[in-house]
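**Student:** You'll find entry32.cif just under this line, and it carries mmCIF, C-alpha atoms.
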data_my_file
#
loop_
_atom_site.label_atom_id
_atom_site.label_comp_id
_atom_site.auth_asym_id
_atom_site.auth_seq_id
_atom_site.Cartn_x
_atom_site.Cartn_y
_atom_site.Cartn_z
CA MET F 1 0.00 0.00 0.00
CA ARG F 2 1.31 3.44 -0.86
CA TYR F 3 0.74 6.10 1.79
CA THR F 4 0.51 9.76 0.90
CA ALA F 5 0.61 12.24 3.77
CA PRO F 6 -2.49 14.45 3.92
CA GLN F 7 -2.08 18.01 2.71
CA GLU F 8 -3.59 19.37 5.91
CA ALA F 9 -4.15 17.89 9.33
CA TRP F 10 -7.63 18.40 10.72
CA GLU F 11 -5.96 20.68 13.26
CA ALA F 12 -3.59 23.25 11.80
CA ASP F 13 -1.17 23.13 14.73
CA VAL F 14 -0.24 19.44 14.40
CA PRO F 15 3.52 19.14 13.94
CA VAL F 16 4.56 16.57 11.34
CA ARG F 17 8.02 15.20 12.04
CA GLY F 18 9.55 12.43 9.95
CA ASP F 19 7.83 10.09 7.53
CA VAL F 20 6.67 6.48 7.14
CA PRO F 21 10.20 5.15 6.39
CA GLU F 22 11.43 6.74 9.63
CA LEU F 23 8.59 5.10 11.54
CA ALA F 24 9.50 1.79 9.87
CA THR F 25 13.16 2.26 10.83
CA LEU F 26 12.19 2.76 14.46
CA LEU F 27 9.99 -0.35 14.41
CA ALA F 28 12.71 -2.39 12.67
CA GLU F 29 14.95 -1.93 15.70
CA GLY F 30 12.54 -4.15 17.67
CA GLY F 31 11.38 -3.88 21.24
CA ALA F 32 8.61 -1.38 20.50
CA LEU F 33 5.83 -0.91 23.01
CA LEU F 34 2.60 0.13 21.30
CA LEU F 35 0.06 2.34 23.08
CA THR F 36 -3.17 2.54 21.10
CA GLY F 37 -6.27 4.70 21.39
CA ALA F 38 -9.65 5.25 19.79
CA GLY F 39 -8.15 6.50 16.52
CA ILE F 40 -7.08 3.01 15.51
CA SER F 41 -10.70 1.80 15.59
CA THR F 42 -12.38 4.57 13.60
CA ASP F 43 -11.96 2.61 10.35
CA SER F 44 -13.97 -0.15 12.02
CA GLY F 45 -16.93 2.20 12.44
CA ILE F 46 -16.29 3.20 16.05
CA PRO F 47 -15.97 7.00 16.41
CA ASP F 48 -13.36 8.57 18.64
CA TYR F 49 -13.96 11.17 21.32
CA ARG F 50 -11.84 14.05 20.07
CA GLY F 51 -10.73 13.39 16.51
CA PRO F 52 -12.32 14.36 13.22
CA THR F 53 -14.74 11.40 13.36
CA SER F 54 -15.92 12.05 16.91
CA ALA F 55 -19.61 11.90 17.64
CA ALA F 56 -21.48 15.10 18.49
CA ARG F 57 -22.39 13.87 21.91
CA ARG F 58 -25.46 15.24 23.69
CA HIS F 59 -24.63 13.52 26.96
CA ALA F 60 -21.31 13.70 28.80
CA PRO F 61 -19.57 10.32 29.14
CA MET F 62 -20.75 8.31 32.11
CA THR F 63 -18.73 8.99 35.25
CA TYR F 64 -17.98 6.39 37.92
CA GLU F 65 -19.54 8.59 40.60
CA ALA F 66 -22.81 8.89 38.70
CA PHE F 67 -22.90 5.20 37.81
CA VAL F 68 -22.48 3.90 41.36
CA GLY F 69 -24.34 6.72 43.13
CA ASP F 70 -27.35 7.44 40.94
CA PRO F 71 -29.67 4.48 40.14
CA VAL F 72 -31.53 6.54 37.52
CA ALA F 73 -28.32 7.47 35.71
CA ARG F 74 -27.19 3.84 35.87
CA HIS F 75 -30.50 2.61 34.46
CA ARG F 76 -30.37 5.07 31.59
CA TYR F 77 -26.75 4.15 30.87
CA TRP F 78 -27.68 0.46 30.53
CA ALA F 79 -30.56 1.35 28.21
CA ARG F 80 -28.17 3.21 25.93
CA SER F 81 -25.46 0.57 26.24
CA HIS F 82 -27.93 -2.20 25.42
CA VAL F 83 -28.62 -0.56 22.07
CA GLY F 84 -25.01 0.41 21.42
CA TRP F 85 -23.69 -3.09 22.08
CA ALA F 86 -24.96 -4.43 18.76
CA GLN F 87 -22.70 -2.07 16.80
CA MET F 88 -19.73 -2.67 19.10
CA ALA F 89 -20.14 -6.44 18.92
CA GLY F 90 -20.48 -6.28 15.14
CA ALA F 91 -17.32 -4.20 14.60
CA ARG F 92 -14.48 -5.98 12.84
CA PRO F 93 -10.72 -5.33 12.89
CA ASN F 94 -9.34 -3.02 10.23
CA ASP F 95 -5.95 -2.85 8.53
CA GLY F 96 -4.51 -0.91 11.46
CA HIS F 97 -5.36 -3.68 13.94
CA ARG F 98 -4.05 -6.31 11.53
CA ALA F 99 -0.81 -4.37 11.11
CA VAL F 100 -0.29 -4.31 14.88
CA ALA F 101 -0.75 -8.09 14.99
CA ALA F 102 1.68 -8.50 12.07
CA LEU F 103 4.32 -6.42 13.84
CA GLN F 104 3.89 -8.56 16.93
CA ARG F 105 4.16 -11.81 14.96
CA ALA F 106 7.37 -10.50 13.37
CA GLY F 107 8.90 -10.04 16.81
CA LEU F 108 9.24 -6.27 16.49
CA VAL F 109 6.75 -5.44 19.26
CA ASN F 110 7.31 -6.44 22.86
CA GLY F 111 3.89 -5.35 24.10
CA VAL F 112 0.56 -3.75 23.27
CA ILE F 113 -1.34 -1.48 25.67
CA THR F 114 -4.72 -0.30 24.44
CA GLN F 115 -6.96 2.39 25.87
CA ASN F 116 -9.82 0.93 23.81
CA VAL F 117 -12.55 -1.32 25.18
CA ASP F 118 -13.61 -2.90 21.86
CA GLY F 119 -11.46 -6.06 21.78
CA LEU F 120 -10.47 -5.49 18.15
CA HIS F 121 -6.74 -6.00 18.68
CA GLN F 122 -7.37 -9.52 19.95
CA ALA F 123 -9.85 -10.18 17.14
CA ALA F 124 -7.08 -9.27 14.68
CA GLY F 125 -4.71 -11.78 16.26
CA ALA F 126 -2.70 -9.68 18.73
CA ARG F 127 -1.65 -11.55 21.86
CA ASP F 128 -1.42 -10.59 25.52
CA VAL F 129 -2.96 -7.16 24.96
CA VAL F 130 -3.20 -5.10 28.15
CA GLU F 131 -6.65 -3.48 28.15
CA LEU F 132 -5.89 -0.40 30.21
CA HIS F 133 -9.53 0.67 30.50
CA GLY F 134 -11.11 -2.78 30.55
CA ALA F 135 -13.38 -4.39 27.97
CA LEU F 136 -17.04 -4.07 27.07
CA ASP F 137 -17.46 -7.81 26.54
CA ARG F 138 -17.13 -8.40 30.29
CA VAL F 139 -19.50 -7.40 33.10
CA VAL F 140 -18.88 -7.29 36.85
CA CYS F 141 -21.44 -7.34 39.66
CA LEU F 142 -20.61 -4.65 42.19
CA GLY F 143 -22.41 -6.71 44.85
CA CYS F 144 -21.11 -10.28 44.63
CA ARG F 145 -18.19 -9.58 42.19
CA ALA F 146 -19.42 -12.21 39.73
CA THR F 147 -18.18 -11.63 36.17
CA PRO F 148 -20.82 -12.78 33.69
CA ALA F 149 -20.10 -12.47 29.99
CA ARG F 150 -21.67 -9.53 28.21
CA THR F 151 -23.36 -11.94 25.79
CA GLU F 152 -25.24 -13.52 28.69
CA ILE F 153 -26.38 -10.13 29.97
CA GLN F 154 -27.46 -9.13 26.47
CA ARG F 155 -29.61 -12.28 26.15
CA ARG F 156 -31.30 -11.42 29.43
CA LEU F 157 -31.87 -7.82 28.36
CA GLU F 158 -33.35 -8.88 25.04
CA ALA F 159 -35.75 -11.21 26.84
CA LEU F 160 -36.82 -8.46 29.22
CA ASN F 161 -37.16 -5.82 26.50
CA PRO F 162 -38.75 -7.48 23.46
CA GLY F 163 -40.35 -4.24 22.32
CA PHE F 164 -37.39 -2.00 22.97
CA ASP F 165 -36.77 -0.98 19.39
CA ALA F 166 -35.08 2.33 20.14
CA ARG F 167 -32.91 3.61 17.35
CA ALA F 168 -29.57 5.08 18.27
CA VAL F 169 -28.80 8.61 17.17
CA ALA F 170 -25.06 7.90 17.46
CA ILE F 171 -22.71 5.33 18.99
CA ASN F 172 -19.81 6.46 21.16
CA PRO F 173 -16.41 4.76 21.61
CA ASP F 174 -17.50 3.20 24.91
CA GLY F 175 -20.59 1.62 23.30
CA ASP F 176 -22.89 4.16 24.96
CA ALA F 177 -25.52 5.04 22.34
CA GLU F 178 -27.29 8.34 22.01
CA LEU F 179 -31.04 7.67 22.34
CA PRO F 180 -34.09 9.91 22.36
CA ASP F 181 -35.07 10.63 25.96
CA ALA F 182 -38.55 9.20 25.41
CA GLU F 183 -37.07 5.75 24.76
CA LEU F 184 -34.97 5.45 27.90
CA ASP F 185 -37.70 5.05 30.50
CA ARG F 186 -39.21 2.05 28.69
CA PHE F 187 -36.12 -0.04 29.37
CA THR F 188 -36.04 -2.85 31.96
CA MET F 189 -32.69 -3.78 33.52
CA THR F 190 -31.71 -7.32 34.50
CA ALA F 191 -30.39 -8.44 37.86
CA CYS F 192 -27.06 -10.21 38.39
CA PRO F 193 -27.34 -13.87 37.31
CA GLY F 194 -25.14 -14.82 40.25
CA CYS F 195 -26.66 -13.13 43.30
CA GLY F 196 -29.96 -12.01 41.83
CA ASP F 197 -29.23 -8.42 42.77
CA GLY F 198 -26.37 -6.21 41.59
CA PRO F 199 -25.79 -3.61 40.41
CA LEU F 200 -24.08 -4.73 37.22
CA LYS F 201 -21.33 -2.66 35.65
CA PRO F 202 -19.50 -3.17 32.36
CA ASP F 203 -15.92 -4.11 33.15
CA VAL F 204 -14.56 -0.80 31.91
CA VAL F 205 -12.95 2.16 33.65
CA PHE F 206 -15.39 5.06 33.65
CA PHE F 207 -14.35 8.70 33.75
CA GLY F 208 -13.31 9.52 37.31
CA GLU F 209 -12.50 5.89 38.10
CA SER F 210 -8.95 4.72 38.71
CA VAL F 211 -7.28 2.07 36.59
CA PRO F 212 -6.51 -0.90 38.90
CA ARG F 213 -3.03 -0.48 40.34
CA PRO F 214 -1.73 -3.92 39.29
CA ARG F 215 -2.65 -3.10 35.69
CA VAL F 216 -0.84 0.24 35.88
CA ASP F 217 2.23 -1.43 37.39
CA LEU F 218 2.24 -4.01 34.58
CA CYS F 219 2.21 -1.22 32.00
CA PHE F 220 5.10 0.58 33.69
CA SER F 221 7.07 -2.68 33.67
CA MET F 222 6.42 -2.94 29.93
CA VAL F 223 7.89 0.55 29.48
CA GLU F 224 10.94 -0.60 31.44
CA ARG F 225 11.50 -3.48 29.00
CA ALA F 226 10.81 -1.47 25.83
CA ARG F 227 13.29 0.06 23.41
CA SER F 228 10.77 2.58 22.06
CA LEU F 229 7.19 3.74 22.60
CA VAL F 230 4.85 4.12 19.63
CA VAL F 231 1.52 5.88 20.26
CA LEU F 232 -1.18 5.01 17.74
CA GLY F 233 -4.48 6.88 17.49
CA SER F 234 -4.50 8.68 20.84
CA SER F 235 -4.52 12.35 21.78
CA LEU F 236 -3.30 11.34 25.25
CA THR F 237 -5.71 13.86 26.73
CA VAL F 238 -6.13 11.83 29.92
CA MET F 239 -3.23 10.99 32.21
CA SER F 240 -3.97 7.23 32.20
CA GLY F 241 -2.09 6.93 28.91
CA LEU F 242 0.12 10.03 29.02
CA ARG F 243 1.97 8.79 32.11
CA PHE F 244 3.58 6.03 30.06
CA VAL F 245 4.93 8.63 27.63
CA HIS F 246 6.39 10.47 30.60
CA ALA F 247 7.98 7.23 31.83
CA ALA F 248 9.42 6.52 28.37
CA THR F 249 10.96 9.98 28.06
CA ARG F 250 12.48 9.71 31.54
CA ARG F 251 14.20 6.55 30.34
CA GLY F 252 15.37 8.28 27.17
CA LEU F 253 13.31 6.05 24.88
CA PRO F 254 12.42 7.36 21.42
CA VAL F 255 8.71 8.14 21.11
CA ALA F 256 6.66 8.05 17.90
CA VAL F 257 3.10 9.34 17.61
CA VAL F 258 0.71 8.59 14.76
CA THR F 259 -2.71 10.15 15.21
CA SER F 260 -5.04 12.66 13.60
CA GLY F 261 -5.13 15.94 15.43
CA PRO F 262 -2.87 17.15 18.23
CA SER F 263 -1.58 14.98 21.05
CA ARG F 264 -0.01 15.82 24.37
CA ALA F 265 3.15 13.97 23.31
CA ASP F 266 3.79 16.14 20.26
CA GLY F 267 6.61 18.00 21.97
CA VAL F 268 8.63 14.86 22.74
CA ALA F 269 7.91 12.76 19.65
CA ALA F 270 10.95 11.92 17.51
CA VAL F 271 8.54 10.78 14.77
CA ARG F 272 5.15 12.52 14.49
CA LEU F 273 2.77 11.54 11.70
CA THR F 274 -0.87 12.32 11.08
CA GLY F 275 -3.29 10.18 9.13
CA ALA F 276 -5.46 7.07 9.29
CA LEU F 277 -3.77 4.16 11.04
CA GLY F 278 -5.31 1.82 8.47
CA GLU F 279 -3.10 3.53 5.87
CA VAL F 280 0.03 4.52 7.79
CA LEU F 281 0.70 1.16 9.46
CA PRO F 282 0.26 -1.00 6.33
CA ALA F 283 2.58 1.44 4.54
CA ALA F 284 5.16 0.89 7.29
CA LEU F 285 4.73 -2.86 6.86
CA ASP F 286 5.37 -2.48 3.15
CA THR F 287 8.58 -0.62 3.95
CA LEU F 288 9.57 -3.42 6.32
CA ARG F 289 8.40 -6.01 3.77
CA LEU F 290 5.99 -7.50 6.30
CA PRO F 291 2.49 -8.73 5.36
CA ASP F 292 -0.31 -6.66 6.86
CA ARG F 293 -2.72 -9.59 7.22
CA ALA F 294 -2.59 -12.93 8.94
#
Could you write out this file's structure as structure tokens?
**Tutor:**
Amino acid sequence: MRYTAPQEAWEADVPVRGDVPELATLLAEGGALLLTGAGISTDSGIPDYRGPTSAARRHAPMTYEAFVGDPVARHRYWARSHVGWAQMAGARPNDGHRAVAALQRAGLVNGVITQNVDGLHQAAGARDVVELHGALDRVVCLGCRATPARTEIQRRLEALNPGFDARAVAINPDGDAELPDAELDRFTMTACPGCGDGPLKPDVVFFGESVPRPRVDLCFSMVERARSLVVLGSSLTVMSGLRFVHAATRRGLPVAVVTSGPSRADGVAAVRLTGALGEVLPAALDTLRLPDRA
């Protein structure tokens, strides 16, 4: 695949530093740690929060405080998530995800940390992916700590809501759909299949919730073992991902950033490209003479 850099970034102040061959050279040295964000999944039909494909969201993202403290907010979240799940579950890996898996198979990547909750890296064949913010295909009961599969919860919700034919206005990266307010109150939530109570929560880190410390420590240990850090499709707006860039720069590791729009690592990136990951990464594979599909 031949990659041509865009004439203009969607934000005028994005610095472009280096090119695809320079990115390929960095990857060819091996030992790269990849940190991916929502921008790698936009070609799979999942919008990002802040990039050019982001949804015009009427509701702020669900916060942990609201989810655990407000039963009404929690109920309305599950109504929206019930509808949004169909699109998330139906999403398929794109060329960017397949390129990440190809780099890993070639032994050039020593780890993958994703801020995404869609499971598309694993679907593309990547192994041992650290899901920094959890995954939508898992559910946890905040009462008994049971962890039923999301598919089981969806079956229960479908049985309880046979006439719930709400149509989503938009789907957000966390699977939370935008629904007309009139639809939300018709939704019936299921109880935990383990304890018969709940409440149930998708096994994802909401805004205002801390990433579990063991997971954070694992990611820092991956930075310690890496020879470079490559950020793919993330603006690094939140500290949960940016802290690993800080750790990499403290160790003197080269940092590459490939994402549309500005990122908080732009000032430290040795290689800074803008563009769709489904184009840039396969182009890097071509330079390395690696196949971009399994």
**Student:** Given the point (-12.2, 0.3, 24.3) in the file's coordinates, find the residues that have an atom at most 8 Å from it, counting only C-alpha atoms, and give them as a list in words.
**Tutor:** Gly37, Ala38, Thr114, Gln115, Asn116, Val117, Asp118, Gly119, Glu131, His133, Gly134, Ala135, Leu136, Pro173 and Asp174 of chain F
**Student:** For the PyMOL selection byres ((chain F and resi 92) around 10), applied here, can you spell out every residue it catches as JSON, numbers by chain?
**Tutor:** {"F": [41, 43, 44, 45, 46, 87, 88, 89, 90, 91, 93, 94, 97, 118, 119, 120, 121, 123, 124]}
**Student:** Can you pull out the residues contacting F:Arg215? Cut-off 10 Å, using only C-alpha atoms, and skip same-chain residues under 2 positions away; I want them as an NGL selection string.
**Tutor:** :F and (130-134 or 211-213 or 217-221)
**Student:** Convert the output of the PyMOL selection byres ((chain F and resi 160) around 12) on the shown file into explicit residues, formatted as a PyMOL selection string.
**Tutor:** chain F and resi 79+82+153-159+161-164+186-191
**Student:** Could you expand the PyMOL selection byres ((chain F and resi 259) around 8) into the explicit residues it covers here, written as a count of residues only?
**Tutor:** 17
**Student:** Give me, please, the distance in Å between atom CA of F:Val100 and atom CA of F:Ala256, quoted to one decimal.
**Tutor:**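 Those two atoms sit 14.5 Å apart.
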**Student:** Can you measure atom CA of F:Pro193 to atom CA of F:Glu209 for me? One decimal in Å is fine.
**Tutor:**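 Interatomic distance, atom CA of F:Pro193 to atom CA of F:Glu209: 24.7 Å.
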**Student:** Nearest to F:Gly252: which of F:Ala270, F:Ala284, F:Val238, F:Leu23 is it, counting all atoms listed in the file?
**Tutor:**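 Checking each of F:Ala270, F:Ala284, F:Val238, F:Leu23 against F:Gly252, counting all atoms listed in the file, the winner is F:Ala270.
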**Student:** Could you give me, as a list of chain:residue names, the residues within 10 Å of F:Ala66, counting all atoms listed in the file and dropping anything in the same chain fewer than 6 positions from it?
**Tutor:**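 Near F:Ala66, the qualifying residues are F:Val72, F:Ala73, F:Arg74, F:Tyr77, F:Phe206, F:Phe207, F:Gly208.
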**Student:** State, in Å with one decimal place, the distance from atom CA of F:Gly18 to atom CA of F:Asp286.
**Tutor:** 16.9 Å
**Student:** What's the 8 Å shell around stretch 139-152 of chain F, counting all atoms listed in the file, without same-chain residues fewer than 4 positions away, as a list of chain:residue names?
**Tutor:**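 With the cut-off at 8 Å, the set is F:Arg156, F:Cys192, F:Pro193, F:Gly194, F:Cys195, F:Asp197, F:Gly198, F:Pro199, F:Leu200, F:Lys201, F:Pro202, F:Asp203.
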**Student:** Generate the output file for the selected residues, C-alpha atoms, as an mmCIF file, in the coordinates of the input.
**Tutor:**
data_model
loop_
_atom_site.group_PDB
_atom_site.id
_atom_site.type_symbol
_atom_site.label_atom_id
_atom_site.label_comp_id
_atom_site.auth_asym_id
_atom_site.auth_seq_id
_atom_site.Cartn_x
_atom_site.Cartn_y
_atom_site.Cartn_z
ATOM 1 C CA ARG F 156 -31.300 -11.420 29.430
ATOM 2 C CA CYS F 192 -27.060 -10.210 38.390
ATOM 3 C CA PRO F 193 -27.340 -13.870 37.310
ATOM 4 C CA GLY F 194 -25.140 -14.820 40.250
ATOM 5 C CA CYS F 195 -26.660 -13.130 43.300
ATOM 6 C CA ASP F 197 -29.230 -8.420 42.770
ATOM 7 C CA GLY F 198 -26.370 -6.210 41.590
ATOM 8 C CA PRO F 199 -25.790 -3.610 40.410
ATOM 9 C CA LEU F 200 -24.080 -4.730 37.220
ATOM 10 C CA LYS F 201 -21.330 -2.660 35.650
ATOM 11 C CA PRO F 202 -19.500 -3.170 32.360
ATOM 12 C CA ASP F 203 -15.920 -4.110 33.150
#
**Student:** Pick the closest to F:Ile113 from F:Gly267, F:Gly241, F:Pro282, F:Pro21: which is it, counting only C-alpha atoms?
**Tutor:** F:Gly241
**Student:** Which one is closest to F:His246: F:Val16, F:Val204, F:Ala32, F:Val223? Count all atoms listed in the file.
**Tutor:**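 Nearest to F:His246: F:Val223.
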**Student:** Calculated over only C-alpha atoms, which of the candidates F:Ser228, F:Ser210, F:Thr25, F:Ser81 has the smallest distance to F:Glu65?
**Tutor:**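 Checking each candidate against F:Glu65, we get F:Ser210 as the closest.
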**Student:** Considering only C-alpha atoms, state which residue in the set F:Val83, F:Ile40, F:Leu27, F:Ala283 is at the smallest distance from F:Glu183.
**Tutor:**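 Of F:Val83, F:Ile40, F:Leu27, F:Ala283, the one nearest F:Glu183, counting only C-alpha atoms, is F:Val83.
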**Student:** Applying 10 Å and only C-alpha atoms, which residues near F:Gly30 remain after dropping the ones on its own chain fewer than 3 positions away? List them as a list of chain:residue names.
**Tutor:**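 Returned residues: F:Thr25, F:Leu26, F:Leu27, F:Leu33, F:Leu103, F:Gln104, F:Ala106, F:Gly107, F:Leu108, F:Val109, F:Asn110, F:Ala226, F:Arg227, F:Ser228.
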**Student:** So, with all atoms listed in the file as the atoms that count, which of F:Thr287, F:Thr36, F:Thr63, F:Thr42 lies closest to F:Val112?
**Tutor:**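 Using all atoms listed in the file, F:Val112 sits closest to F:Thr36.
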